[in-house]
Each structure stands twice: as C-alpha cells, then as structure tokens.
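Below: one structure, written as structure tokens.
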Amino acid sequence: MTKADLESLQIERDLVDLNNAVLTVTGRLVDASNATLYAMCSVKSSGEDREFPCIYKPIAGERPLWDFPDGSLANREYLTFLVSHWLKLHLVPPTILRDGPYGTGMVQKWIDIDPDIELMDFYQSNDPKLRLLAILDIICNNTDRKIGHLIPVVGGHLYGCDHGVTFHVDDKLRTVLWQWAGAQFTEEEKTLFIQARELFTVSKREIIAGLIDEDEISATIARIDRALVEESFPLPNPDWPAVPWPPF
C-alpha cells in the first residue's frame with residue numbers, strides 16, 4: 001500500500017469522525033468575511049471519548065457575493081476537498097457538509113501550522129507541495145489563494161484552506177503562487193489533469209452535479225482541456241487582478 005493510499009485511509013477515518021461528532025462552538029475567527037466558527041468535535045467510538053478542533057462555516061453565515069450564487073460557498077469548499085482527495089493529493093484538510101448548531105454548513109478538521117515556517121518566505125519558494133497546490137487551484141479555478149491560506153505542517157506536508165470562491169464559470173484564477181507561470185507541466189502533472197477530467201466527465205459527475213451548476217462543470221472541463229493543450233502553467237490574466245487583496 002502506497003503512502004497516498006495510507007493517507008486516504010486516514011482521511012476516510014477523519015471524515016467518519018467529522019460526520020459523527022457532536023459540534024460545540026467555542027469561538028469565531030473574526031478576520032473572516034463569512035461566519036467562520038471554531039468548534040470542538042466530540043466523538044465516542046468503541047467506548048473511547050475523543051475531542052479534536054474543527055472549523056464550522058454555516059451556510060446561513062455566508063456573505064452574499066455579486067459573482068457567486070448565494071448559499072453555494074460551502075459546496076465549493078467541499079468539492080475542492082473532494083477533488084484533492086480523489087486525486088490523492090491530500091492538500092485540503094478533511095472536509096464534509098453536515099448539520100450543526102447553526103444549520104447546515106462546511107465542517108473541516110483544524111490543522112496546526114508549523115510555527116517554525118515563515119509564510120512570507122515559504123509562499124515564494126519552489127516547494128513541490130506548493131506546485132501541486134497551484135495545480136489544484138488551476139483545476140478548481142481558485143479566485144482567492146492567499147498567503148494566509150497556506151498551512152505547512154510539522155513533517156513537511158502542506159494543506160490549503162478557504163476554498164469557497166472556486167469553480168466559477170469565468171476564468172478567475174487569483175493567487176499568490178505565480179512562481180511557475182509559463183512553466184511546462186511534468187508528465188505527472190499532465191496525468192493529474194487527465195484524471196481530473198475523468199472525474200468531471202464520468203466517474204464523479206453525479207456527485208459533482210449535486211454541488212455546483214452544470215455550466216460550472218462544463219467550464220471546469222473546458223479549463224482542464226485548455227490546460228492539457230497548452231501543457232503549461234497559465235500566465236496572469238491582464239484583464240483580471242492576478243493577486244488577491246489583501247494578499248495575506
């Protein structure tokens with residue numbers, strides 16, 4: 001069994017825990033534009049009581065956006081996790097949709113950042129996990145990849161968070177990870193796009209159709225096809241702000 005397979009098994013266990021846990025809200029991330037609540041997950045399994053922290057974003061607390069349908073951000077966060085999980089990238093913390101104290105929302109396992117890593121240096125590096133995250137952002141059309149959304153952890157793994165503004169019908173890639181702009185994809189990266197296309201066209205289309213609109217699915221497939229033709233990281237769009245503001 002590969003390392004990626006073992007990671008997938010652990011994620012499946014985490015998803016079961018997130019689904020079965022009792023959520024107790026203990027705080028709020030005040031800098032977030034939408035209601036982002038810090039909660040404790042209490043799980044009783046085989047007579048053992050366990051607790052772990054999570055982030056809970058109720059749909060009722062989503063701020064309306066002019067360019068995204070109301071009440072759709074939690075679905076987009078969940079779908080970004082699913083794409084990462086299905087491709088065995090494991091770049092998004094375990095994430096589910098479920099009911100909570102303030103209604104249905106996105107629930108995501110809390111991940112502690114490595115305190116010894118300086119994000120202002122890290123985000124500009126050529127770390128291979130960052131490059132994979134940049135690939136995921138292309139597939140998901142992430143319009144808000146900020147420095148503060150990067151979570152490098154002890155041991156070298158990397159997670160990304162805050163994926164509510166993804167899968168728009170228009171090309172809206174906006175990110176701080178432009179260090180590979182114009183660089184050719186590796187064969188492994190091309191394979192990821194091929195696998196992602198299969199997810200959206202065949203194997204997971206029914207699940208995906210329950211989370212985003214059909215025109216967004218079609219736009220995602222077209223975007224993947226274009227990436228496969230060009231075989232390189234996109235360049236910043238001169239007609240669209242290339243870096244989110246504020247960048248952190």
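Ordering of the structure tokens sets the chain letters (A, B, ...); residue numbers start at 1 within each chain; ligands are numbered from 1 in the order shown.
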
Residues at most 8 Å from segment 78-88 of chain A, counting only C-alpha atoms, excluding those fewer than 4 positions away in the same chain, as a PyMOL selection string?
chain A and resi 4-5+8+74+92-97+106+136+140+163+166+192+195-196+208+211

Apply DSSP to the backbone of this structure and, from segment 9-136 of chain A, keep only the residues in strand (DSSP E); write these as JSON, numbers by chain.
{"A": [22, 23, 24, 25, 26, 27, 28, 37, 38, 39, 40, 41, 42, 43, 44, 45, 48, 49, 50, 51, 52, 53, 54, 55, 56, 57, 58, 95, 96, 97, 98, 105, 106, 107, 108, 109]}

Which residue gives the smallest distance to Ala39 of chain A among A:Pro58, A:Pro152, A:Gly160, A:Gly27, with only C-alpha atoms counted?
A:Gly27

Quick one: residues within 10 Å of Gly156 of chain A, only C-alpha atoms counted, chain neighbours fewer than 5 positions away excluded, as a PyMOL selection string?
chain A and resi 114+127+129

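Within 7 Å of His149 of chain A, once only C-alpha atoms are used and residues closer than 2 positions along the same chain are dropped, the contacting residues are Arg145, Lys146, Ile147, Ile151, Gly160, Cys161 and Asp162 of chain A.
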
Can you tell me which residues surround Ala32 of chain A at a distance of at most 12 Å, considering only C-alpha atoms, apart from same-chain residues fewer than 2 positions away, and format the answer as a VMD selection string?
chain A and resid 28 to 30 34 to 38 55 57 61 to 63 148 to 149 162 164 248

When you count only C-alpha atoms, which of these residues is closest to Asp70 of chain A: A:Trp240, A:Val165, A:Arg13, A:Trp178?
A:Val165

Tell me, in Å to one decimal, how far atom CA of Asn237 of chain A is from atom CA of Leu89 of chain A.
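Rounded to one decimal, the two atoms are 26.2 Å apart.
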
State, in Å with one decimal place, the distance from atom CA of Thr26 of chain A to atom CA of Arg50 of chain A.
16.5 Å

Separation of atom CA of Met40 of chain A from atom CA of Val107 of chain A, in Å and rounded to one decimal
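Atom CA of Val107 of chain A lies 10.8 Å from atom CA of Met40 of chain A.
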
Residue with smallest distance to Gly103 of chain A - pool A:Gln124, A:Leu23, A:Ala181, A:Ser33, counting only C-alpha atoms
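Checking each candidate against Gly103 of chain A, we get A:Leu23 as the closest.
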
Could you list, as a ChimeraX atom specification, every residue within 10 Å of Leu235 of chain A, counting only C-alpha atoms and ignoring same-chain residues fewer than 5 positions away?
/A:173,178,180-183,242

Long-range neighbours of Asp49 of chain A as a list in words, 12 Å cut-off, only C-alpha atoms, 5 positions minimum in chain
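Counting only the stated atoms, we get Asp17, Ala21, Val22, Cys41, Ser42, Val43 and Lys44 of chain A.
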
Looking only at the backbone, which of the residues in segment 16-134 of chain A does DSSP tag as alpha helix (DSSP H), as JSON, numbers by chain?
{"A": [16, 17, 18, 19, 20, 73, 74, 75, 76, 77, 78, 79, 80, 81, 82, 83, 84, 85, 86, 119, 120, 121, 122, 128, 129, 130, 131, 132, 133, 134]}

Using only C-alpha atoms, please write the residues we just selected to a file, as a compact mmCIF listing (two decimals), in the first residue's frame.
# COMPACT_ATOMS: atom_id res chain seq x y z
CA VAL A 16 -16.38 9.43 9.68
CA ASP A 17 -15.37 11.24 12.87
CA LEU A 18 -16.42 14.62 11.47
CA ASN A 19 -19.80 13.19 10.48
CA ASN A 20 -20.45 11.52 13.82
CA LEU A 73 -19.70 28.58 -0.84
CA ALA A 74 -19.83 25.55 1.47
CA ASN A 75 -20.46 23.28 -1.52
CA ARG A 76 -17.41 24.71 -3.27
CA GLU A 77 -15.23 24.17 -0.23
CA TYR A 78 -16.42 20.59 -0.03
CA LEU A 79 -15.90 19.95 -3.74
CA THR A 80 -12.35 21.30 -3.63
CA PHE A 81 -11.62 18.84 -0.84
CA LEU A 82 -13.19 16.02 -2.85
CA VAL A 83 -11.12 16.79 -5.94
CA SER A 84 -7.94 16.86 -3.84
CA HIS A 85 -8.98 13.60 -2.14
CA TRP A 86 -10.00 11.81 -5.34
CA LEU A 119 4.97 32.03 5.42
CA MET A 120 6.31 35.19 3.75
CA ASP A 121 9.34 33.19 2.63
CA PHE A 122 7.59 29.86 2.12
CA PRO A 128 6.88 20.74 -4.70
CA LYS A 129 3.77 20.69 -2.49
CA LEU A 130 3.17 24.35 -3.31
CA ARG A 131 3.44 23.50 -7.00
CA LEU A 132 0.84 20.75 -6.57
CA LEU A 133 -1.42 23.22 -4.77
CA ALA A 134 -1.02 25.59 -7.72

In terms of the shortest atom-to-atom distance over only C-alpha atoms, which of A:Leu15, A:Ala227, A:Val169, A:Ile59 is closest to Phe193 of chain A?
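Of A:Leu15, A:Ala227, A:Val169, A:Ile59, the one nearest Phe193 of chain A is A:Ala227, counting only C-alpha atoms.
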